[in-house]
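my_file.tsv (TSV, C-alpha atoms)
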```tsv
chain	number	residue	atom	x	y	z
Z	928	LYS	CA	0.00	0.00	0.00
Z	929	ILE	CA	1.40	3.37	-1.08
Z	930	VAL	CA	0.49	6.67	0.58
Z	931	PHE	CA	1.46	10.07	-0.83
Z	932	VAL	CA	1.68	12.83	1.79
Z	933	VAL	CA	1.44	16.08	-0.18
Z	934	ASN	CA	2.32	19.50	1.21
Z	935	PRO	CA	0.33	21.80	-1.11
Z	936	ALA	CA	1.89	24.90	0.45
Z	937	SER	CA	5.46	23.99	-0.50
Z	938	ALA	CA	7.25	25.96	-3.22
Z	939	ALA	CA	5.00	28.96	-2.50
Z	940	GLY	CA	1.89	26.89	-3.20
Z	941	ASN	CA	3.08	25.57	-6.54
Z	942	THR	CA	3.07	21.98	-5.30
Z	943	GLY	CA	-0.65	22.12	-4.65
Z	944	LYS	CA	-1.32	23.77	-8.00
Z	945	SER	CA	0.73	21.24	-9.97
Z	946	TRP	CA	-0.38	18.11	-8.14
Z	947	LYS	CA	-3.57	17.80	-10.23
Z	948	GLN	CA	-1.40	17.29	-13.29
Z	949	HIS	CA	1.09	14.99	-11.53
Z	950	SER	CA	-1.70	12.94	-9.95
Z	951	LYS	CA	-2.73	11.74	-13.40
Z	952	LEU	CA	0.62	9.98	-13.74
Z	953	VAL	CA	0.22	8.61	-10.21
Z	954	GLU	CA	-3.19	7.17	-11.10
Z	955	ALA	CA	-1.76	5.62	-14.25
Z	956	SER	CA	1.24	4.17	-12.41
Z	957	PHE	CA	-0.22	2.75	-9.19
Z	958	GLU	CA	-3.33	0.76	-8.34
Z	959	ASP	CA	-3.41	0.67	-4.55
Z	960	PHE	CA	-2.57	4.14	-3.27
Z	961	LYS	CA	-3.94	6.97	-1.19
Z	962	THR	CA	-3.19	10.71	-1.27
Z	963	LEU	CA	-3.27	12.85	1.88
Z	964	PHE	CA	-2.83	16.64	2.01
Z	965	THR	CA	-1.22	18.57	4.84
Z	966	GLU	CA	-2.97	21.58	6.32
Z	967	ARG	CA	-0.46	22.96	8.83
Z	968	GLU	CA	3.06	22.64	10.18
Z	969	GLY	CA	3.63	19.19	11.67
Z	970	HIS	CA	0.60	17.71	9.93
Z	971	ALA	CA	2.77	15.60	7.60
Z	972	THR	CA	4.08	13.70	10.61
Z	973	GLU	CA	0.55	13.05	11.88
Z	974	LEU	CA	-0.72	11.89	8.49
Z	975	ALA	CA	2.30	9.68	7.83
Z	976	ARG	CA	2.10	8.09	11.28
Z	977	GLN	CA	-1.57	7.25	10.73
Z	978	ALA	CA	-0.72	5.80	7.32
Z	979	LEU	CA	2.01	3.64	8.87
Z	980	ASN	CA	-0.34	2.50	11.63
Z	981	ASP	CA	-2.83	1.53	8.92
Z	982	GLY	CA	-0.25	-0.70	7.22
Z	983	GLY	CA	1.36	1.70	4.77
Z	984	GLU	CA	4.34	0.02	3.08
Z	985	LEU	CA	5.68	3.00	1.12
Z	986	ILE	CA	5.09	6.52	2.45
Z	987	VAL	CA	6.01	9.19	-0.09
Z	988	ALA	CA	6.69	12.77	0.97
Z	989	VAL	CA	5.68	15.28	-1.70
Z	990	GLY	CA	7.13	18.74	-1.04
Z	991	GLY	CA	10.38	20.20	0.20
Z	992	ASP	CA	13.06	18.97	2.58
Z	993	GLY	CA	10.97	20.13	5.53
Z	994	THR	CA	8.10	17.90	4.41
Z	995	LEU	CA	10.53	15.00	3.98
Z	996	SER	CA	11.82	15.57	7.52
Z	997	GLU	CA	8.29	15.60	8.94
Z	998	VAL	CA	7.32	12.39	7.17
Z	999	ALA	CA	10.55	10.69	8.23
Z	1000	SER	CA	9.80	11.64	11.83
Z	1001	ALA	CA	6.61	9.58	11.66
Z	1002	PHE	CA	8.67	6.38	11.46
Z	1003	PHE	CA	10.37	7.02	14.80
Z	1004	GLU	CA	9.69	6.99	18.52
Z	1005	GLU	CA	12.59	8.91	20.01
Z	1006	LYS	CA	15.60	7.26	18.29
Z	1007	ARG	CA	13.97	3.97	17.27
Z	1008	ASN	CA	12.33	3.19	13.94
Z	1009	ILE	CA	9.11	1.45	14.98
Z	1010	PHE	CA	8.15	0.71	11.35
Z	1011	PRO	CA	11.39	-0.92	10.11
Z	1012	ASN	CA	9.73	-2.75	7.22
Z	1013	SER	CA	8.15	0.37	5.68
Z	1014	VAL	CA	9.94	2.56	3.15
Z	1015	LEU	CA	10.21	6.34	2.82
Z	1016	GLY	CA	9.88	7.84	-0.66
Z	1017	PHE	CA	10.35	11.41	-1.85
Z	1018	ILE	CA	8.99	13.55	-4.67
Z	1019	PRO	CA	10.93	16.82	-4.28
Z	1020	CYS	CA	8.82	19.89	-5.04
Z	1021	GLY	CA	10.10	22.42	-2.50
Z	1022	THR	CA	11.97	25.72	-2.63
Z	1023	GLY	CA	15.56	24.66	-2.02
Z	1024	GLY	CA	15.78	21.09	-3.30
Z	1025	ASP	CA	18.89	20.41	-1.24
Z	1026	PHE	CA	18.40	16.72	-0.47
Z	1027	ARG	CA	17.65	15.90	-4.10
Z	1028	LYS	CA	21.00	17.55	-4.98
Z	1029	THR	CA	22.74	15.15	-2.59
Z	1030	LEU	CA	20.98	12.30	-4.42
Z	1031	GLN	CA	21.88	13.90	-7.79
Z	1032	TRP	CA	18.24	13.92	-8.83
Z	1033	GLU	CA	16.87	16.34	-11.39
Z	1034	SER	CA	14.12	18.81	-10.51
Z	1035	ASP	CA	11.30	16.88	-12.20
Z	1036	PRO	CA	8.35	15.60	-10.12
Z	1037	GLU	CA	7.15	13.31	-12.89
Z	1038	ALA	CA	10.58	11.68	-13.15
Z	1039	ALA	CA	10.38	11.23	-9.37
Z	1040	ILE	CA	6.99	9.52	-9.70
Z	1041	ARG	CA	8.43	7.12	-12.27
Z	1042	ARG	CA	11.37	6.53	-9.91
Z	1043	ILE	CA	8.95	5.65	-7.10
Z	1044	LYS	CA	7.25	3.10	-9.35
Z	1045	GLU	CA	10.52	1.38	-10.26
Z	1046	HIS	CA	12.37	2.04	-7.01
Z	1047	THR	CA	15.03	0.03	-5.27
Z	1048	VAL	CA	15.45	0.22	-1.49
Z	1049	LYS	CA	18.53	1.74	0.11
Z	1050	VAL	CA	19.16	1.73	3.85
Z	1051	ILE	CA	20.24	5.22	4.95
Z	1052	ASP	CA	21.30	7.06	8.09
Z	1053	VAL	CA	19.13	9.75	9.65
Z	1054	GLY	CA	19.83	12.34	12.31
Z	1055	HIS	CA	18.08	12.92	15.62
Z	1056	ILE	CA	18.12	16.31	17.33
Z	1057	ALA	CA	16.96	17.16	20.84
Z	1058	PHE	CA	16.55	20.92	21.39
Z	1059	LEU	CA	14.60	23.64	23.19
Z	1060	GLU	CA	11.36	25.20	21.98
Z	1061	GLY	CA	9.55	27.72	24.15
Z	1062	GLY	CA	11.41	26.47	27.21
Z	1063	SER	CA	10.35	22.84	26.61
Z	1064	ASN	CA	12.41	19.91	25.36
Z	1065	ARG	CA	11.61	18.84	21.80
Z	1066	GLU	CA	13.06	16.37	19.31
Z	1067	ARG	CA	13.07	15.90	15.56
Z	1068	ILE	CA	14.35	13.47	12.96
Z	1069	PHE	CA	16.19	14.90	9.97
Z	1070	VAL	CA	17.31	13.30	6.74
Z	1071	ASN	CA	19.54	15.99	5.24
Z	1072	ILE	CA	21.19	18.64	7.44
Z	1073	SER	CA	20.60	20.37	10.75
Z	1074	SER	CA	22.55	23.38	11.95
Z	1075	CYS	CA	22.67	26.31	14.34
Z	1076	GLY	CA	23.74	29.94	14.29
Z	1077	THR	CA	23.27	32.19	11.28
Z	1078	SER	CA	21.57	29.33	9.44
Z	1079	GLY	CA	18.73	29.22	11.97
Z	1080	LEU	CA	17.97	32.89	11.35
Z	1081	VAL	CA	18.40	32.38	7.59
Z	1082	ALA	CA	15.94	29.47	7.59
Z	1083	LYS	CA	13.36	31.48	9.49
Z	1084	THR	CA	13.83	34.46	7.15
Z	1085	ALA	CA	13.73	32.34	3.99
Z	1086	ASN	CA	10.48	30.71	5.06
Z	1087	ASP	CA	8.96	34.16	5.61
Z	1088	LEU	CA	10.04	35.52	2.20
Z	1089	PRO	CA	7.95	35.23	-0.99
Z	1090	LYS	CA	9.26	32.45	-3.24
Z	1091	PHE	CA	8.28	33.81	-6.65
Z	1092	MET	CA	11.87	34.86	-7.46
Z	1093	GLY	CA	13.15	31.30	-7.09
Z	1094	SER	CA	15.13	29.42	-4.47
Z	1095	LEU	CA	18.56	30.94	-5.18
Z	1096	PHE	CA	17.28	34.50	-4.80
Z	1097	THR	CA	15.26	33.58	-1.70
Z	1098	PHE	CA	18.12	31.90	0.12
Z	1099	TYR	CA	20.78	34.38	-0.99
Z	1100	THR	CA	18.62	37.27	0.23
Z	1101	ALA	CA	17.94	35.47	3.51
Z	1102	ALA	CA	21.63	34.66	3.91
Z	1103	VAL	CA	22.69	38.28	3.41
Z	1104	TYR	CA	20.07	39.40	5.93
Z	1105	GLY	CA	21.21	36.73	8.36
Z	1106	MET	CA	24.85	37.77	8.05
Z	1107	ILE	CA	23.91	41.39	8.77
Z	1108	GLU	CA	21.53	40.71	11.67
Z	1109	TYR	CA	23.25	37.75	13.35
Z	1110	ARG	CA	25.82	38.49	16.02
Z	1111	ARG	CA	28.59	35.89	16.11
Z	1112	ILE	CA	28.66	34.15	19.47
Z	1113	HIS	CA	30.89	31.81	21.43
Z	1114	MET	CA	29.69	28.21	21.57
Z	1115	ARG	CA	30.68	25.18	23.60
Z	1116	VAL	CA	30.91	21.95	21.61
Z	1117	ARG	CA	31.30	18.36	22.76
Z	1118	VAL	CA	31.99	15.54	20.27
Z	1119	ASP	CA	31.13	11.90	20.97
Z	1120	ASP	CA	30.72	12.61	24.71
Z	1121	GLY	CA	34.32	13.80	25.02
Z	1122	ASP	CA	35.57	17.01	26.57
Z	1123	TRP	CA	33.84	20.33	25.97
Z	1124	GLN	CA	35.70	22.86	23.84
Z	1125	GLU	CA	34.86	26.50	23.26
Z	1126	LEU	CA	34.61	27.90	19.74
Z	1127	LYS	CA	34.74	31.67	19.44
Z	1128	GLU	CA	32.94	33.97	16.99
Z	1129	VAL	CA	30.83	31.20	15.46
Z	1130	ASN	CA	28.64	31.96	12.45
Z	1131	THR	CA	27.23	28.51	11.77
Z	1132	ILE	CA	27.79	24.89	12.73
Z	1133	ALA	CA	26.27	22.43	10.24
Z	1134	ILE	CA	25.65	18.79	11.16
Z	1135	CYS	CA	25.56	17.06	7.81
Z	1136	ASN	CA	24.02	13.78	6.78
Z	1137	GLY	CA	23.50	15.12	3.26
Z	1138	LYS	CA	25.73	17.56	1.40
Z	1139	TYR	CA	23.70	20.68	0.59
Z	1140	PHE	CA	21.67	23.26	2.48
Z	1141	GLY	CA	20.47	26.83	2.00
Z	1142	GLY	CA	19.29	26.38	-1.58
Z	1143	GLY	CA	22.45	24.79	-2.98
Z	1144	MET	CA	25.33	25.64	-0.62
Z	1145	LEU	CA	27.72	22.67	-0.61
Z	1146	VAL	CA	28.34	22.84	3.13
Z	1147	GLY	CA	29.25	19.16	3.59
Z	1148	PRO	CA	30.98	18.07	0.37
Z	1149	ASN	CA	32.30	14.84	1.91
Z	1150	ALA	CA	29.11	13.83	3.72
Z	1151	SER	CA	27.45	10.50	3.00
Z	1152	ILE	CA	23.96	9.29	3.91
Z	1153	ASP	CA	25.12	5.73	4.64
Z	1154	ASP	CA	28.46	5.91	6.47
Z	1155	GLY	CA	27.17	6.08	10.04
Z	1156	LEU	CA	28.76	9.47	10.71
Z	1157	PHE	CA	27.92	13.16	10.59
Z	1158	ASP	CA	30.22	15.53	8.75
Z	1159	ILE	CA	30.43	18.70	10.85
Z	1160	THR	CA	31.31	22.05	9.25
Z	1161	VAL	CA	32.06	25.10	11.39
Z	1162	TRP	CA	32.17	28.64	10.01
Z	1163	GLN	CA	33.85	31.17	12.31
Z	1164	ASN	CA	34.63	34.87	11.91
Z	1165	PHE	CA	32.83	35.03	8.56
Z	1166	SER	CA	31.98	38.64	7.72
Z	1167	ILE	CA	29.43	39.83	5.20
Z	1168	VAL	CA	32.36	40.64	2.90
Z	1169	ASP	CA	33.64	37.06	3.25
Z	1170	PHE	CA	30.23	35.72	2.38
Z	1171	VAL	CA	29.91	37.86	-0.76
Z	1172	THR	CA	33.48	37.41	-2.02
Z	1173	ARG	CA	33.69	33.71	-1.20
Z	1174	ALA	CA	30.20	32.73	-2.35
Z	1175	PRO	CA	31.56	30.53	-5.18
Z	1176	ALA	CA	33.57	28.50	-2.63
Z	1177	ILE	CA	30.48	28.04	-0.46
Z	1178	TYR	CA	28.54	26.71	-3.43
Z	1179	ASP	CA	31.27	24.44	-4.82
Z	1180	GLY	CA	32.57	23.06	-1.51
Z	1181	THR	CA	36.07	24.55	-1.62
Z	1182	HIS	CA	35.23	26.67	1.46
Z	1183	LEU	CA	36.72	23.76	3.44
Z	1184	GLU	CA	40.11	25.19	2.45
Z	1185	HIS	CA	39.28	28.62	3.92
Z	1186	GLU	CA	40.90	29.63	7.20
Z	1187	CYS	CA	37.47	30.45	8.66
Z	1188	THR	CA	36.23	26.89	8.09
Z	1189	ARG	CA	36.95	23.78	10.10
Z	1190	SER	CA	35.47	20.32	9.71
Z	1191	PHE	CA	35.38	17.02	11.56
Z	1192	ARG	CA	33.28	13.85	11.81
Z	1193	ALA	CA	31.24	12.53	14.72
Z	1194	ARG	CA	28.39	10.27	15.81
Z	1195	VAL	CA	27.11	12.59	18.55
Z	1196	VAL	CA	27.45	16.38	18.92
Z	1197	ASP	CA	26.35	18.60	21.81
Z	1198	ILE	CA	26.28	22.38	21.33
Z	1199	GLU	CA	25.38	25.14	23.76
Z	1200	ILE	CA	25.93	28.87	24.07
Z	1201	ALA	CA	29.02	29.89	26.04
Z	1202	GLY	CA	28.91	32.85	28.41
Z	1203	ASP	CA	25.76	34.73	29.36
Z	1204	VAL	CA	23.10	32.33	28.07
Z	1205	ALA	CA	20.24	34.50	29.32
Z	1206	ALA	CA	21.32	37.39	27.09
Z	1207	GLN	CA	21.50	35.34	23.88
Z	1208	ARG	CA	19.36	32.99	21.82
Z	1209	CYS	CA	20.68	30.87	18.99
Z	1210	LEU	CA	18.20	29.24	16.62
Z	1211	VAL	CA	18.62	25.73	15.26
Z	1212	GLU	CA	17.72	24.74	11.71
Z	1213	VAL	CA	16.39	21.31	10.74
Z	1214	ASP	CA	16.05	20.47	7.03
Z	1215	GLY	CA	15.25	24.08	6.16
Z	1216	GLU	CA	12.93	24.77	9.11
Z	1217	SER	CA	13.70	26.64	12.34
Z	1218	PRO	CA	11.82	24.81	15.12
Z	1219	GLY	CA	13.72	25.92	18.23
Z	1220	ALA	CA	17.01	26.92	19.80
Z	1221	LEU	CA	20.16	25.78	21.60
Z	1222	PRO	CA	21.18	23.89	23.66
Z	1223	ALA	CA	20.88	20.86	21.40
Z	1224	ARG	CA	22.21	17.35	20.99
Z	1225	TRP	CA	22.55	15.67	17.60
Z	1226	THR	CA	22.85	11.88	17.23
Z	1227	VAL	CA	23.33	9.92	14.01
Z	1228	LEU	CA	21.12	6.83	13.66
Z	1229	PRO	CA	23.08	4.53	11.34
Z	1230	GLY	CA	21.10	2.52	8.79
Z	1231	ALA	CA	17.88	3.47	10.52
Z	1232	LEU	CA	15.56	4.01	7.56
Z	1233	LYS	CA	14.67	2.31	4.29
Z	1234	PHE	CA	14.58	4.83	1.44
Z	1235	ALA	CA	13.22	4.48	-2.11
Z	1236	LEU	CA	15.79	5.28	-4.80
```

For this file, write the structure as structure tokens.
Amino acid sequence: KIVFVVNPASAAGNTGKSWKQHSKLVEASFEDFKTLFTEREGHATELARQALNDGGELIVAVGGDGTLSEVASAFFEEKRNIFPNSVLGFIPCGTGGDFRKTLQWESDPEAAIRRIKEHTVKVIDVGHIAFLEGGSNRERIFVNISSCGTSGLVAKTANDLPKFMGSLFTFYTAAVYGMIEYRRIHMRVRVDDGDWQELKEVNTIAICNGKYFGGGMLVGPNASIDDGLFDITVWQNFSIVDFVTRAPAIYDGTHLEHECTRSFRARVVDIEIAGDVAAQRCLVEVDGESPGALPARWTVLPGALKFAL
């Protein structure tokens, strides 16, 4: 049984508008399927969980990376996949298209539908993040990338901007705004439950399962979705001038050679604000959404999810 969970609001509403056309190919390609439409933030998780409880074998997220993240979350209770025999599929229709870039997929929903019909199953890693939201502890599953710092503000800004100018313009505008508004802060980082270390003047720390975020920035060029590890990229002391002049390096991955970039690999990462925590707030970003703030703990879940390729 196949269930499509469609976010009609993704890509500035274009997903909902185009689904009528795409659904014709779905009807011609599949016999036993159901289509569910989201109505609010978090609804994709609720719909996908109900579909899984009802025996759904292949749950297909239709939308952006945020929709994919929400649907993936439905498979899990805390850090355990409670539907290990079911498969997650993806028809990318969102603004940024970052996870599809990691998979080297074209931006073509109908090609994605045909791929779902003929799919093979690949076991992939996912990430788990525990963070604060409104003073309460929350958790999320992510498939692509989660981060904190400037990127949290950028994600919030990008989601508030109109999308009619395209993803590159949206994310570049949001990134410039974030660089201007964000005040670099000191963070304390602990890797694989080792010793805490302080990082000064941090712009962004990206915890990468996939390679791309921010509408095409190649933040984790060496990341892999099936190696059991996060690739961590830290940007420190990046000015607005650095961002503008070094934009090509950010988009082609050569920023790893820049003196303001450091990278390492880990299974677990804890990050908190150093210094006067009460005077500062640092947003986290999860697959293009900004659901909360530091402190946070990221854990890779190796081979935790079956994915349709």

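Proximity ranking of Z:Phe1234, Z:Phe1026, Z:Tyr1104, Z:Trp1032 relative to Z:Leu1145 places Z:Phe1026 first, based on all atoms listed in the file.
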
Enumerate, in order of chain and increasing residue number, the residues of stretch 1031-1097 of chain Z with an atom no farther than 8 Å from stretch 1217-1224 of chain Z, each with its shortest atom pair and distance in Å to one decimal, counting only C-alpha atoms, as a Markdown table.
```
| residue | atom | partner | partner_atom | distance |
| --- | --- | --- | --- | --- |
| Z:Ile1056 | CA | Z:Arg1224 | CA | 5.6 |
| Z:Ala1057 | CA | Z:Arg1224 | CA | 5.3 |
| Z:Phe1058 | CA | Z:Ala1223 | CA | 4.3 |
| Z:Leu1059 | CA | Z:Ala1220 | CA | 5.3 |
| Z:Glu1060 | CA | Z:Gly1219 | CA | 4.5 |
| Z:Gly1061 | CA | Z:Gly1219 | CA | 7.5 |
| Z:Cys1075 | CA | Z:Leu1221 | CA | 7.7 |
| Z:Gly1079 | CA | Z:Ser1217 | CA | 5.7 |
| Z:Leu1080 | CA | Z:Ser1217 | CA | 7.6 |
| Z:Ala1082 | CA | Z:Ser1217 | CA | 6.0 |
| Z:Lys1083 | CA | Z:Ser1217 | CA | 5.6 |
```

In Å and to one decimal, atom CA of Z:Gly983 is distant from atom CA of Z:Leu1156 by 29.1 Å

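Picture a line from atom CA of Z:Glu1212 to atom CA of Z:Arg1042; it runs 29.0 Å.
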
What separates atom CA of Z:Thr1226 and atom CA of Z:Val1213 is a distance of 13.1 Å

Determine the nearest neighbour of Z:Phe1191 from the options Z:Ala999, Z:Ile1009, Z:Ile1134, Z:Ile1177, counting all atoms listed in the file.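 Closest residue, counting all atoms listed in the file: Z:Ile1134.
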
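Closest approach to Z:Ala1085 among Z:Gly1024, Z:Gly993, Z:Gly1215, Z:Gly982 is made by Z:Gly1215 (distances from all atoms listed in the file).
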
Residue contacts of stretch 1179-1187 of chain Z (7 Å, only C-alpha atoms) excluding same-chain residues fewer than 5 positions away, as a PyMOL selection string
chain Z and resi 1145-1146+1148+1162-1165

Restricted to C-alpha atoms, what would the selected residues look like written as a CSV table (one decimal), in the frame of the given file?
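Contents of out.csv, freshly written:
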```csv
chain,number,residue,atom,x,y,z
Z,1145,LEU,CA,27.7,22.7,-0.6
Z,1146,VAL,CA,28.3,22.8,3.1
Z,1148,PRO,CA,31.0,18.1,0.4
Z,1162,TRP,CA,32.2,28.6,10.0
Z,1163,GLN,CA,33.8,31.2,12.3
Z,1164,ASN,CA,34.6,34.9,11.9
Z,1165,PHE,CA,32.8,35.0,8.6
```

Using only C-alpha atoms, the best pick from Z:Ile1200, Z:Val987, Z:Ala975, Z:Ile1107 as closest to Z:Gly1016 would be Z:Val987

From the list Z:Val1227, Z:Val1118, Z:Val998, Z:Met1106, the nearest residue to Z:Thr972 using all atoms listed in the file is Z:Val998
